[in-house]
Each structure stands twice: as C-alpha cells, then as structure tokens.
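First the structure, in the form of structure tokens, and then the observations on it.
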Amino acid sequence: MFKLPKKIIDDMQNYEENLKKFLSGKINDTFFRGVRVPWGYYAQRGGKILMSRLRIPAGILTPEQLKAIAIAAKNFADERLHITTRQDIQIHNVPYENSIKIIEYLKDFNLSPRAGGGNTVRNITACYLSGICPEEKIEVYKTVWGLTEYLLTLDESYNLPRKFKIAFSGCVRDCAYAGVNDVGFIAGVDGFKVLCGGGMGAKSSVGKVLIDEAEPENVAYIVKSILNVFNKFGDRKNKHHNRLRFLIQDIGWEKFFELYNQEFNKLKDTEYISLRNNTGLPKLENRTRGEIKFSDDESYNLFLKYNVAEQKQKGYYYVHLRIPLGEINSEQLIRLSELVEIVPEIIFRTTQRQNLVISNVPSHKLYFVYEKVKDALKDFLFPDTIFDMISCKAVTTCNLGICNAMGLVPEIIKRLEKINLDIDKLKDIRVNVSGCPNSCGHHRIGTISFSGLTRKVYNRSVPFYKIYLGGKINAENTRLAEEIGIVPAHNIPDLFCEFIFILQSESEGDVHKYILNEGKIHMLELIKKYSYVPSYEENKAYYKDFGMTEEFSLDGLSQGECGAGVIDMVESDIESAKQLLISAKEKNLEINDIKDALVYSARALLVVKGIDPRSEEEAISGFIDKFIKTGICNPEFENLNSIYAGIISDKVSRQQAYEYTWNFYQEVKRIYSSMDSNFNFLASFKEPTKTNENQPDQPRTLTYDLTGTPCPINYVKIKLKLEELNIGDILEVFLDDGEPIRNVPKSLKNDGQEIIKIEQVKDFFKVLIKRKV
C-alpha cells in the first residue's frame, strides 16, 4: 500500500507553528496563505473557512482510510465532502484552527493534504480500475504509489513555477486522461508511451509523444528530468502563462526535447533513483464465477445492468456508484466503509467523474452490497451515462467561481428525467460543467460541455455559459471540445434538453461524429433561439443563478485567486468595443455604436479595480478616477468626459468621435497588456514625486528582515518593497538558507535589479539589492 513519506510527517511541525502564529496575529493572512496552500488548504469563498484537499494516490482507498476521512470531516469540519476530477477528496468548511487536526489525524492512515494545492506536483491519477481491469497492460497504481512517495520527498516538488499534473493509464483507452496532463504515461506490453505538454484551462492543449516506449524503471528519471527543465526555464512571474505547455510553446518542441534529453542523461549519470518495491494490493484467490441472477426488484436489475462489471480476477466484480456532483457526507462514507463486514476484501476507488467504485465483490454478495448502498445513498444508479454529469464546486465554495455549476446540473437532470430517454443510445455522451474558464469540471473534454462566464445586459451582470461540443479522450489524439457560442444560464436546461431530443431522434451510429457535423448545425440554431435576455423588469429570473435566491453578482470573487474570471470580463468588453467600432465604420460612422464602444473601452478595466458601474456615466467617471488621474492612462484622454458628453449631445462630429474612440480603445488595450499577474499597472504618466531641493539626492538604504518567510512570498514582498524605493536606493534583505537564498537573488537579477553582495551571517544570509528598474 501507499506509505506517507517521513518528510511529510516531519514538516507538520512547521505548519503547526505557522498556524499558531497566524491565529495569534503574529503573521498575516498573506504570509500564512503561502504556507497553507501547498498543504492543500484553500480559503473558501468569503475567506473565513478552509477546504482541505486530500491526496488519494491512484484514487485507491481501504475501508479504514475511507472511514478515517469521514471521521475527520465529522470531527473537524461539518461532514461535507467532495470527490474531485483528479481523484482527490475534499473536506469542506474547515475552521482554520482545525486544519492541523486533520493533518495529524489522517497521517496515521497514510493520508495527507500535502501538495494538494499551490505550485506543487499534484495528486498523481490513474485508471480507476487499475489492478482489476481485464484490459490493462500494466497495473499502473503500483507505479503511481512509488512515484508519489518519491516526489513528496523532494523540496522542488513544492516550489514549481506552477502546478504540475501527472496521470497513468493502463492501456490505450486512456481512462486517466494522460493526453491532457503535463505528463502522461500510457501502458503498453513492455513499457510506457510518455506524453508531455497537455493540460486544460487557459489555452488547453493535448500532449505530444515524448517517448514511444519507456522502460518502467526509468519513470522517475523521466518525471524528474521534465520537472528540472520546468524549474529552470518555466515563467514564475506570469501566472497566466507559466504552465509547462506554455514553456513548450514558447521555446518550441525541439528545444524542449533537447533540454529534456540533457537533464535525463545528466540524471542517469549522477543520480540513482529507485522507487519503493510496492507489493500492491492484497492478492485475490480465484473463485468460481457464480451466476448473477436478476430479480423482481427492478431497481436491483438496473443496478446489475449499469453499476456492476467483472474484474480480471475470476469470480469478482466491481460496483460503480454514481455520486451526483461528487457530493457526499461523513455518514454516507461511514456506512459504505462498513461494507468490509460483508466483503472483507473490499477496496474503494475514486474516479475522474467524481464517483466511487467498490471492488473485489464476490458474485454471491452483490445483493447484500446493493442493499447496503441503497441504505447509504439516494442516487447511485446510471454511472457513466448521460445522467452522470460532473461539475466543479464553482461559486458554492470556490474563489474563482463565476456561475453556480452545482445549481445548473441538477436543474438539467430534473428536466432530462421528464424526457423518454434511450440511455443506451446516449451512453457515450459525457456532460462536463465548469463554473468559470478554468477546467476543474473538465469542460474541454466533454461531449457536451459548459463553462461559466458573465456578461453585462442593461448594465446588470448576468450569468452565461459557453457551450462546447465534441471533446473525446484518446491519448495523444484527444480531441478538445470546440467552443460553439454563449447562452444565458437561465436558458441552458431548455437548450440542452432540446438538443438531446434532436440527438436521440436523428443520430445513428457514432454519436461523436454526428455531434461534430449535423449536431453542430442544430446547436448553432438553438443558440440563436435561446440567446435573448429580456430586461430585468420583464423577467428577473435571468438575473439570478440556479440554486441562488439573490441577484447574480461577482461578490466573493477574489482577485488574488480568480484571474480567469476577471480576465474574461475585461476581454469581453475590449472585444465588444472592437466589434462596435468595426460596425460603426461599416454603417457610415453610426454614432450610437461609437458611443457604446467608448463606454465599453472605459468599463473594461474597472472590474480589476473592484468597480461594477451601473451606468455609462459611472463607467466614464470611474475610468477617469482610476486610470487617468493615477497616471496609468495617457493624459491626452483627460477630456474623456467632455468627449462623451459631446457625443451624446451631437456636439462632436462623427469623424472626430470615431477617431478619438479608436485611439482610446487602443490605449485601453495598451494598459491591459501592461497589467501584471497581480492586476497592477505601470503608472507611466504619473508625475515624479517632488523632492526637497535643499537636500542632496542621495540613495537610501533600508533593511528588510524576511527570515522565516518561504518562497515565493519572500520574493513577492521584496518586489513590492522595491516599488516603494527610488532608482538607486539600496535594500538590505535577510533571507534564510536553502530555497530562499538559492532562488530569490536569481529571480531579482532576472527582473533587472542589481545584486550587490550576498553575505552569510550565522544561520541566515544578508543580501544587498540596488533598485535599477
């Protein structure tokens, strides 16, 4: 079985000490966030409670571990749990002071949230049937356990340029989605095909073949070589462009392959890496394959048809349980764990579709398992069917969430249940929903998928969804779903059900092929049909999200953790301004289009400043206050308000209005392009601070003690402190040994600052930095 490395247990003390300092007010939330996130603790929406993301290597759990997770959620949170699309289990609503209690309790069961978040090597996933699947070439879960144990002992696994995801599939069916991970392994008869550079979210991509057939004993060398390249050359500054796939895109595949080979050869020459020889799961003795008997219980018959399948071990079956939206509670998990009393050999597995699998069930015990499951769960039938939709947590807990995907999915299913569905005909349909452009709900690989966004309608925020079609997993030949259009959230259930009705009525044979051809045409027609949004007074329902009672808003959206949502809004307004200007030119300088383009341009960046203007006038005045008066925008646009007023009163000629608006649009684009990953802007036009002319203009020297501050928080703090200084000023910084002194000076030098001197003083280092830029 997987064994938690000693390093994780030893590092618990550091987390506990920092937690005590935070609770006593000795360190602030910004500092503590740098500690807790790599420990798998994320602040939930509102920031007052935490979510603990537990690593489940290969998704495999013993009954004792499953029960331990349930007890941890019951004793230290409010019993709510969530199975993720990376086979993790999240404990929600954890008070800050209880976070260490979960870590301490679960360590005795070889479970931990360590590296469940942040710029770390995340949970390594595997086929959820690894070890029991008749089709698998290699039992990849053993490799996953060994590789996880190894990587969790490496310091570099916790301070990468960005998160790093690895997956192992046991055969070419690619049930672990190797093609859309940073590194993916696909088992063959004699080894692994290795894919690299895949990923979902911003600018999703499918991994390319790095190695056609890698020997199993080289797996750790391969992964560490890729990590070394990523660590050395990855972009740590731009969090919107620092995944491994972006590095590969920037330097090119040939250069990346060259760098990888250099690292691999160096490692083979200088290091010896051997994964722990894991004996794996307890071996099952073959049984006589008993006959599965159907009964008068229609529900049990459906259970046998849709939930039960044979394992490769003779006489054993696995039971696949649909866990709607991955939502489950402590009491349910405890009841399921008690199945060990009926089936001593039982093992649980989490799946990429947020479900649970019970494995090693003898045929004569299937009915007993069914009865126990029926007592624990309300809806568990029809896994891997059209009813088995997946969703991220979205706005219910996530700081990045825009729309309530968790509310949309039940509404869709409720409508579907009213249709006479041919479930078998639609068996290959996979419906995936994300509450924002990030792909935690895997919307880029769904057959029919949705991702949340927002649009302004009548100066009010309205929830919308992008619609995607045609995603299909197939290793390096994976097809990413194609974006088709957007529709207000209110209309998605009707649109979806109408599309499914058409699909069921007209498609024959390969449903994926139909969706990409005739289905796409039908969807475009449905998007037109359902795109209309009435005014607020006409129908307020459009201005609320599913599962919510209050009007839709972006309250709770955190700038620090939700760049994708903010970026989506900014780019939407900029694109709208562009299209309006094109339209105005085509229509002989239509003045209303010009006026609207001016307003869209002015409004685009206000969301970054936390402003949600309700009127055109508020958008104009907000831009003047936040961007012109602060020196971010070129002062030639100081007359923005008078130009706007002149356009409305028809006192500005159309040609003048168009030229002004076009230039203003270009200036807004320039400002946006200068925005850094923390949503800061360069005040290029701000007047320099006046100094006292009677005093000599000599450089200052300031001291900044950052001992005890981990990477990358120390680097960020230094950057912010340098911004307060004048060019030529000196900043004396105290840094710890290890990662801080290795990484921070190098990063500052890359930024253009001058490192004057590095001197060791007892157990820390003194670094003199001269501000140059």
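In the structure tokens, each chain is lettered A, B, ... as it comes, each chain's residues begin at 1, and ligands are numbered from 1 in order of appearance.
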Need to verify the contact set: region 94-105 of chain A, 9 Å, only C-alpha atoms, exclusion of same-chain residues closer than 2 positions in sequence. Can you return it as a ChimeraX atom specification?
/A:9,12,15-16,19-20,23,41,48-52,68-69,72-73,75-78,91-92,107-109,111-114
Residues near region 242-258 of chain A, cut-off 10 Å, only C-alpha atoms, skip fewer than 2 positions along chain, as a PyMOL selection string
chain A and resi 119+160-165+181-183+196-200+202-208+210+226-227+229-231+233-240+260-264
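Of the residues under consideration (A:Phe387, A:Tyr370, A:Tyr660, A:Tyr532), A:Tyr660 shows the shortest atom-to-atom contact distance to Glu636 (chain A) when counting only C-alpha atoms.
With distances restricted to only C-alpha atoms, A:Ala657 is the closest residue to Glu590 (chain A) from A:Ile671, A:Ala657, A:Asp29, A:Ile624.
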From a DSSP calculation on the backbone, collect every residue of region 359-504 of chain A in alpha helix (DSSP H) and output the set as an MDAnalysis selection string.
chainID A and resid 366:376 405:416 492:504
Would you put the residues from that selection into a file with N, CA, C and O atoms, as a CSV table (one decimal), in the first residue's frame?
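Printed below is out_36.csv as written:
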```csv
chain,number,residue,atom,x,y,z
A,366,LEU,N,-23.3,-9.6,-4.1
A,366,LEU,CA,-23.7,-8.4,-4.8
A,366,LEU,C,-25.0,-7.8,-4.3
A,366,LEU,O,-25.2,-6.6,-4.1
A,367,TYR,N,-26.0,-8.7,-4.0
A,367,TYR,CA,-27.3,-8.2,-3.5
A,367,TYR,C,-27.1,-7.5,-2.1
A,367,TYR,O,-27.7,-6.5,-1.8
A,368,PHE,N,-26.3,-8.1,-1.3
A,368,PHE,CA,-26.0,-7.6,0.1
A,368,PHE,C,-25.4,-6.2,-0.1
A,368,PHE,O,-25.7,-5.2,0.7
A,369,VAL,N,-24.4,-6.1,-1.0
A,369,VAL,CA,-23.8,-4.8,-1.3
A,369,VAL,C,-24.8,-3.8,-1.7
A,369,VAL,O,-24.9,-2.6,-1.3
A,370,TYR,N,-25.7,-4.2,-2.7
A,370,TYR,CA,-26.8,-3.3,-3.2
A,370,TYR,C,-27.7,-2.8,-2.0
A,370,TYR,O,-28.0,-1.6,-2.0
A,371,GLU,N,-28.1,-3.7,-1.2
A,371,GLU,CA,-28.9,-3.3,0.0
A,371,GLU,C,-28.2,-2.2,0.9
A,371,GLU,O,-28.8,-1.3,1.3
A,372,LYS,N,-27.0,-2.5,1.1
A,372,LYS,CA,-26.2,-1.6,2.0
A,372,LYS,C,-26.0,-0.2,1.3
A,372,LYS,O,-26.2,0.9,1.9
A,373,VAL,N,-25.7,-0.2,0.0
A,373,VAL,CA,-25.5,1.0,-0.8
A,373,VAL,C,-26.9,1.8,-0.8
A,373,VAL,O,-26.9,3.0,-0.7
A,374,LYS,N,-28.0,1.1,-1.1
A,374,LYS,CA,-29.3,1.7,-1.1
A,374,LYS,C,-29.6,2.4,0.2
A,374,LYS,O,-30.3,3.4,0.2
A,375,ASP,N,-29.2,1.8,1.3
A,375,ASP,CA,-29.4,2.4,2.6
A,375,ASP,C,-28.6,3.7,2.8
A,375,ASP,O,-29.0,4.6,3.5
A,376,ALA,N,-27.4,3.7,2.1
A,376,ALA,CA,-26.4,4.9,2.4
A,376,ALA,C,-26.6,6.0,1.4
A,376,ALA,O,-26.5,7.2,1.7
A,405,ALA,N,-22.3,26.2,-11.2
A,405,ALA,CA,-22.4,25.0,-11.9
A,405,ALA,C,-23.1,23.9,-11.1
A,405,ALA,O,-23.9,23.1,-11.6
A,406,MET,N,-22.9,23.9,-9.8
A,406,MET,CA,-23.6,23.0,-8.9
A,406,MET,C,-25.1,23.1,-8.9
A,406,MET,O,-25.8,22.2,-8.5
A,407,GLY,N,-25.6,24.3,-9.2
A,407,GLY,CA,-27.0,24.5,-9.3
A,407,GLY,C,-27.6,24.2,-10.7
A,407,GLY,O,-28.7,23.8,-10.8
A,408,LEU,N,-26.7,24.4,-11.7
A,408,LEU,CA,-27.2,24.1,-13.1
A,408,LEU,C,-27.4,22.7,-13.3
A,408,LEU,O,-28.4,22.3,-13.9
A,409,VAL,N,-26.5,21.8,-12.9
A,409,VAL,CA,-26.5,20.4,-13.3
A,409,VAL,C,-27.8,19.7,-12.7
A,409,VAL,O,-28.5,19.0,-13.5
A,410,PRO,N,-28.2,19.9,-11.5
A,410,PRO,CA,-29.4,19.3,-11.0
A,410,PRO,C,-30.6,19.7,-11.8
A,410,PRO,O,-31.6,19.0,-12.0
A,411,GLU,N,-30.6,21.0,-12.2
A,411,GLU,CA,-31.8,21.5,-13.0
A,411,GLU,C,-31.8,20.8,-14.3
A,411,GLU,O,-32.9,20.5,-14.8
A,412,ILE,N,-30.7,20.6,-15.0
A,412,ILE,CA,-30.6,19.9,-16.3
A,412,ILE,C,-31.2,18.5,-16.1
A,412,ILE,O,-32.0,18.0,-16.9
A,413,ILE,N,-30.7,17.8,-15.0
A,413,ILE,CA,-31.1,16.4,-14.8
A,413,ILE,C,-32.6,16.3,-14.5
A,413,ILE,O,-33.3,15.4,-15.0
A,414,LYS,N,-33.1,17.3,-13.8
A,414,LYS,CA,-34.6,17.3,-13.5
A,414,LYS,C,-35.4,17.4,-14.8
A,414,LYS,O,-36.4,16.7,-14.9
A,415,ARG,N,-34.9,18.2,-15.7
A,415,ARG,CA,-35.6,18.3,-17.0
A,415,ARG,C,-35.4,17.1,-17.8
A,415,ARG,O,-36.4,16.6,-18.5
A,416,LEU,N,-34.2,16.5,-17.8
A,416,LEU,CA,-34.0,15.2,-18.6
A,416,LEU,C,-34.9,14.1,-18.1
A,416,LEU,O,-35.3,13.3,-18.9
A,492,ILE,N,-30.0,27.5,-20.4
A,492,ILE,CA,-29.2,26.3,-20.7
A,492,ILE,C,-30.0,25.0,-20.6
A,492,ILE,O,-29.9,24.1,-21.4
A,493,PRO,N,-30.8,24.7,-19.5
A,493,PRO,CA,-31.5,23.5,-19.4
A,493,PRO,C,-32.5,23.2,-20.6
A,493,PRO,O,-32.5,22.1,-21.1
A,494,ASP,N,-33.2,24.2,-21.0
A,494,ASP,CA,-34.1,24.1,-22.2
A,494,ASP,C,-33.3,23.8,-23.4
A,494,ASP,O,-33.7,22.9,-24.2
A,495,LEU,N,-32.2,24.5,-23.6
A,495,LEU,CA,-31.4,24.3,-24.8
A,495,LEU,C,-30.8,22.9,-24.8
A,495,LEU,O,-30.9,22.2,-25.8
A,496,PHE,N,-30.3,22.4,-23.7
A,496,PHE,CA,-29.7,21.1,-23.6
A,496,PHE,C,-30.7,20.0,-23.9
A,496,PHE,O,-30.5,19.1,-24.6
A,497,CYS,N,-31.9,20.1,-23.2
A,497,CYS,CA,-32.9,19.0,-23.4
A,497,CYS,C,-33.4,19.0,-24.8
A,497,CYS,O,-33.6,17.9,-25.4
A,498,GLU,N,-33.5,20.1,-25.5
A,498,GLU,CA,-34.0,20.1,-26.8
A,498,GLU,C,-32.9,19.5,-27.7
A,498,GLU,O,-33.2,18.8,-28.7
A,499,PHE,N,-31.6,19.8,-27.4
A,499,PHE,CA,-30.5,19.3,-28.2
A,499,PHE,C,-30.5,17.7,-28.1
A,499,PHE,O,-30.3,17.0,-29.0
A,500,ILE,N,-30.7,17.3,-26.8
A,500,ILE,CA,-30.7,15.8,-26.6
A,500,ILE,C,-31.8,15.1,-27.3
A,500,ILE,O,-31.7,14.0,-27.8
A,501,PHE,N,-33.0,15.8,-27.3
A,501,PHE,CA,-34.1,15.2,-28.0
A,501,PHE,C,-33.8,15.0,-29.5
A,501,PHE,O,-34.1,14.0,-30.1
A,502,ILE,N,-33.2,16.1,-30.1
A,502,ILE,CA,-32.8,16.0,-31.5
A,502,ILE,C,-31.8,14.9,-31.7
A,502,ILE,O,-31.9,14.1,-32.7
A,503,LEU,N,-30.8,14.8,-30.8
A,503,LEU,CA,-29.7,13.9,-30.9
A,503,LEU,C,-30.3,12.4,-30.9
A,503,LEU,O,-29.9,11.6,-31.7
A,504,GLN,N,-31.2,12.2,-30.0
A,504,GLN,CA,-31.8,10.9,-29.8
A,504,GLN,C,-32.6,10.5,-31.0
A,504,GLN,O,-32.7,9.4,-31.4
```
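Compared by their closest atoms to Ala214 (chain A), and using only C-alpha atoms, the residues A:Gly146, A:Gly519, A:Gly184, A:Pro57 rank with A:Gly184 nearest.
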Quick one: pick out all strand (DSSP E or B) residues within region 163-354 of chain A from a backbone DSSP run and write them as a ChimeraX atom specification.
/A:164,166-169,183-187,192-196,199,205,208-214,308-310,316-321,327-329,347-350
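Proximity to Glu616 (chain A) was assessed for A:Tyr465, A:Tyr543, A:Phe22, A:Tyr458 counting only C-alpha atoms; the smallest distance is recorded for A:Tyr458.
Rounded to one decimal, CA of Leu581 (chain A) and CA of Val608 (chain A) lie 23.5 Å from each other.
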Determine, counting only C-alpha atoms, which protein, DNA and RNA residues have an atom within 12 Å of an atom of Gln579 (chain A); residues of the same chain fewer than 6 positions away are not included. Present the result as a PyMOL selection string.
chain A and resi 572-573+585-586+593-594+596-598+600-601+662+665
Can you pull out the residues contacting Ile620 (chain A)? Cut-off 6 Å, using only C-alpha atoms, and skip same-chain residues under 3 positions away; I want them as a PyMOL selection string.
chain A and resi 602+617+623
Write a file of the selected residues as a PDB file, in the first residue's frame, keeping all heavy atoms.
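Dumped to again05.pdb:
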```pdb
ATOM      1  N   ALA A 602     -14.012  52.170 -21.703  1.00  0.00           N
ATOM      2  CA  ALA A 602     -13.834  52.762 -20.371  1.00  0.00           C
ATOM      3  C   ALA A 602     -14.157  51.761 -19.272  1.00  0.00           C
ATOM      4  O   ALA A 602     -13.512  51.729 -18.221  1.00  0.00           O
ATOM      5  CB  ALA A 602     -14.706  54.007 -20.239  1.00  0.00           C
ATOM      6  N   GLU A 617     -22.344  56.777 -17.376  1.00  0.00           N
ATOM      7  CA  GLU A 617     -21.658  57.882 -16.705  1.00  0.00           C
ATOM      8  C   GLU A 617     -20.702  57.360 -15.623  1.00  0.00           C
ATOM      9  O   GLU A 617     -19.592  57.882 -15.452  1.00  0.00           O
ATOM     10  CB  GLU A 617     -22.677  58.835 -16.094  1.00  0.00           C
ATOM     11  CG  GLU A 617     -23.481  59.652 -17.106  1.00  0.00           C
ATOM     12  CD  GLU A 617     -24.561  58.841 -17.806  1.00  0.00           C
ATOM     13  OE1 GLU A 617     -24.868  57.716 -17.328  1.00  0.00           O
ATOM     14  OE2 GLU A 617     -25.091  59.312 -18.821  1.00  0.00           O
ATOM     15  N   PHE A 623     -13.306  55.374 -14.889  1.00  0.00           N
ATOM     16  CA  PHE A 623     -12.042  55.265 -15.617  1.00  0.00           C
ATOM     17  C   PHE A 623     -11.168  56.500 -15.370  1.00  0.00           C
ATOM     18  O   PHE A 623      -9.951  56.380 -15.182  1.00  0.00           O
ATOM     19  CB  PHE A 623     -12.294  55.103 -17.113  1.00  0.00           C
ATOM     20  CG  PHE A 623     -11.048  54.830 -17.904  1.00  0.00           C
ATOM     21  CD1 PHE A 623     -10.591  53.541 -18.090  1.00  0.00           C
ATOM     22  CD2 PHE A 623     -10.298  55.879 -18.431  1.00  0.00           C
ATOM     23  CE1 PHE A 623      -9.428  53.287 -18.788  1.00  0.00           C
ATOM     24  CE2 PHE A 623      -9.126  55.636 -19.130  1.00  0.00           C
ATOM     25  CZ  PHE A 623      -8.690  54.333 -19.313  1.00  0.00           C
TER      26      PHE A 623
END
```
